[in-house]
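J.: Below are the structure tokens for one structure; questions will follow.
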Amino acid sequence: MIIYLTGFMTSGKSTVGPILANVLGLDFYDLDEEIVKREGMSIVDIFEQKGESYFRKVETRLLKEISNNDDVIISLGGGTITIDENLKFMKENGFIVYLKVDNETLYRRLKNKTDRPLFKDLVMNENGKEEFIKRINNLLDKRSRYYEQADLTIECDSRPVGLTVDRIAQSIQRKINEKNKH
Ligand SMILES: Nc1ncnc2c1ncn2[C@@H]1O[C@H](COP(=O)(O)OP(=O)(O)OP(=O)(O)O)[C@@H](O)[C@H]1O
Ligand SMILES: O=C(O)C1=C[C@@H](O)[C@@H](O)[C@H](O)C1
Ligand SMILES: [Mg+2]
């Protein structure tokens with residue numbers, strides 16, 4: 001079984017993923033971390049020096065590569081699921097969980113981080129909340145229809161990490177039990 005964690009930047013995929021894997025006794029991969037390892041560059045450097053479309057190509061290739069593992073949790077990048085080819089592949093090969101977080105919470109988490117290329121300029125230019133919220137909403141308008149294709153949505157705005165992990169773990173456990181019955 002492959003469990004894919006999707007959701008907006010800073011929704012918590014990379015924070016929740018390793019804890020969830022530990023709780024369920026599964027292996028863990030973080031797609032962004034695999035890209036950084038393979039390219040020997042940070043995500044920001046890849047975007048700045050090689051461009052977003054190059055990043056997306058590597059992302060799609062490595063998504064398929066790490067999906068050769070079984071019994072694994074994979075934390076995706078925030079944009080991975082918005083590539084139709086990736087969405088189709090994950091629907092066919094795993095169980096997708098959407099970590100849904102409201103725009104105010106995303107703003108609080110994003111406003112000081114310079115390691116997200118799609119928000120770095122706003123942070124560096126010390127833009128105000130309005131600009132952040134506008135960009136978050138614009139991206140969410142385009143991306144929600146992809147995130148909502150997930151098999152399970154967990155609303156996790158200000159929920160402690162442990163509770164998010166518990167809720168996903170219970171849901172996955174139910175799935176595994178069902179599978180074992182058949
Ligand atoms: N309850 C919470 N659950 C998850 N993360 C939280 C929570 N409260 C605060 N945070 C913080 O929010 C941030 C979540 O970032 P994280 O890197 O996990 O997101 P991500 O979904 O992997 O983003 P990206 O798409 O950019 O990889 C971290 O800085 C984490 O410490
Ligand atoms: O939402 C996005 O498009 C991204 C999210 C991050 O996980 C990284 O994959 C990168 O910063 C792009
Ligand atoms: Mg991440």
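Residue numbering restarts at 1 for every chain of the structure tokens, chains are lettered A, B, ... in their displayed order, and ligands are numbered from 1 as they appear.
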Which residues, written as a list in words, have at least one atom at most 9 Å from stretch 83-93 of chain A, with only C-alpha atoms counted and residues fewer than 6 positions away on the same chain left out?

T.: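 Residues meeting the cut-off are Met1, Ile2, Tyr4, Arg56, Thr60, Leu63, Lys64, Ser67, Tyr146, Gln149, Ala150 and Asp151 of chain A.
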
J.: Okay, now the selection with C-alpha atoms, as a PDB file, in the first residue's frame?

T.:
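Written output follows (out-v9.pdb):
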ATOM      1  CA  MET A   1       0.000   0.000   0.000  1.00  0.00           C
ATOM      2  CA  ILE A   2       1.209   3.501  -0.874  1.00  0.00           C
ATOM      3  CA  TYR A   4       0.341   9.864  -0.644  1.00  0.00           C
ATOM      4  CA  ARG A  56       8.217  19.483 -12.560  1.00  0.00           C
ATOM      5  CA  THR A  60       7.170  13.421 -12.050  1.00  0.00           C
ATOM      6  CA  LEU A  63       7.320  10.277  -8.003  1.00  0.00           C
ATOM      7  CA  LYS A  64       7.165   7.174 -10.195  1.00  0.00           C
ATOM      8  CA  SER A  67       6.316   4.616  -5.947  1.00  0.00           C
ATOM      9  CA  TYR A 146      -6.905  18.546  -7.718  1.00  0.00           C
ATOM     10  CA  GLN A 149      -9.635  14.283  -5.799  1.00  0.00           C
ATOM     11  CA  ALA A 150      -8.022  12.766  -2.676  1.00  0.00           C
ATOM     12  CA  ASP A 151      -9.505   9.599  -1.196  1.00  0.00           C
TER      13      ASP A 151
END

J.: Return as a list in words every polymer residue, whether protein, DNA or RNA, with at least one atom no more than 7 Å from an atom of ligand 3; count only C-alpha atoms and all ligand atoms.

T.: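 The distance check yields Met9, Thr10, Gly12, Lys13, Ser14, Asp30, Asp32, Ser75, Leu76 and Gly77 of chain A.
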
J.: To one decimal place, how far is atom CA of A:Ile19 from atom CA of A:Glu148 in Å?

T.: 23.4 Å

J.: Neighbours of ligand 1 within 9 Å, counting only C-alpha atoms and all ligand atoms, as a ChimeraX atom specification?

T.: /A:5-17,30-33,75-80,99,105-106,108-110,113,115-116,156-164

J.: From stretch 97-176 of chain A, collect each residue whose DSSP state is strand (DSSP E) and return the set as a PyMOL selection string.

T.: chain A and resi 97-100+152-155

J.: Those residues with C-alpha atoms, as a PDB file, in the first residue's frame please?

T.:
ATOM      1  CA  VAL A  97      -4.829  11.974   1.749  1.00  0.00           C
ATOM      2  CA  TYR A  98      -5.440  15.746   1.524  1.00  0.00           C
ATOM      3  CA  LEU A  99      -4.299  17.854   4.476  1.00  0.00           C
ATOM      4  CA  LYS A 100      -6.725  20.788   4.234  1.00  0.00           C
ATOM      5  CA  LEU A 152      -9.540  11.175   2.261  1.00  0.00           C
ATOM      6  CA  THR A 153      -9.627  14.839   3.357  1.00  0.00           C
ATOM      7  CA  ILE A 154      -8.443  15.792   6.826  1.00  0.00           C
ATOM      8  CA  GLU A 155      -9.308  19.300   8.034  1.00  0.00           C
TER       9      GLU A 155
END

J.: Where does DSSP see helix (DSSP H, G or I) in stretch 7-173 of chain A, if you list the residues as a ChimeraX atom specification?

T.: /A:13-24,31-39,43-50,52-66,80-82,84-93,103-110,117-124,129-147,161-173

J.: Have a look at A:Arg143, A:Lys111, A:Arg174, A:Lys37 and name the one nearest to ligand 2; count only C-alpha atoms and all ligand atoms.

T.: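 Once distances to ligand 2 are computed over only C-alpha atoms and all ligand atoms, the minimum belongs to A:Arg143.
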
J.: Record the distance separating atom CA of A:Asn125 and atom CA of A:Tyr54, expressed in Å with one decimal.

T.: 25.8 Å

J.: Would you work out the distance separating atom CA of A:Phe28 from atom CA of A:Ile74, expressed in Å to one decimal?

T.: 6.0 Å

J.: Using only C-alpha atoms, which of A:Asn22, A:Pro117, A:Arg61, A:Met124 sits nearest A:Asp45?

T.: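 Of A:Asn22, A:Pro117, A:Arg61, A:Met124, the one nearest A:Asp45, counting only C-alpha atoms, is A:Pro117.
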
J.: Looking at A:Thr114, A:Gln49, A:Val23, A:Asn68, which one is nearest to ligand 2, with distances taken over only C-alpha atoms and all ligand atoms?

T.: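 Residue with the minimum atom-to-atom distance to ligand 2: A:Thr114.
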
J.: Taking only C-alpha atoms and all ligand atoms into account, name the residue in A:Asn69, A:Leu118, A:Glu48, A:Leu24 that is nearest to ligand 2.

T.: A:Leu118

J.: Identify, on the basis of only C-alpha atoms, every residue whose closest approach to A:Ile35 does not exceed 10 Å; exclude the query and any residue fewer than 4 positions from it along the same chain; express the result as a ChimeraX atom specification.

T.: /A:30-31,39-43,46,55,58-59,61-63

J.: How about saving the chosen residues, C-alpha atoms kept, as a short mmCIF file (atom, residue, chain, number, x, y, z; two decimals), in the first residue's frame?

T.:
data_model
loop_
_atom_site.label_atom_id
_atom_site.label_comp_id
_atom_site.auth_asym_id
_atom_site.auth_seq_id
_atom_site.Cartn_x
_atom_site.Cartn_y
_atom_site.Cartn_z
CA ASP A 30 9.54 12.99 1.07
CA LEU A 31 9.39 13.73 -2.65
CA GLU A 39 19.83 17.14 -7.96
CA GLY A 40 22.32 18.15 -5.25
CA MET A 41 20.59 21.55 -5.03
CA SER A 42 17.93 23.18 -2.86
CA ILE A 43 14.37 23.53 -4.23
CA ILE A 46 16.47 24.45 -8.81
CA PHE A 55 11.61 20.92 -11.51
CA VAL A 58 12.21 15.71 -12.17
CA GLU A 59 9.26 15.64 -9.73
CA ARG A 61 10.10 11.07 -12.72
CA LEU A 62 10.98 10.64 -9.04
CA LEU A 63 7.32 10.28 -8.00
#
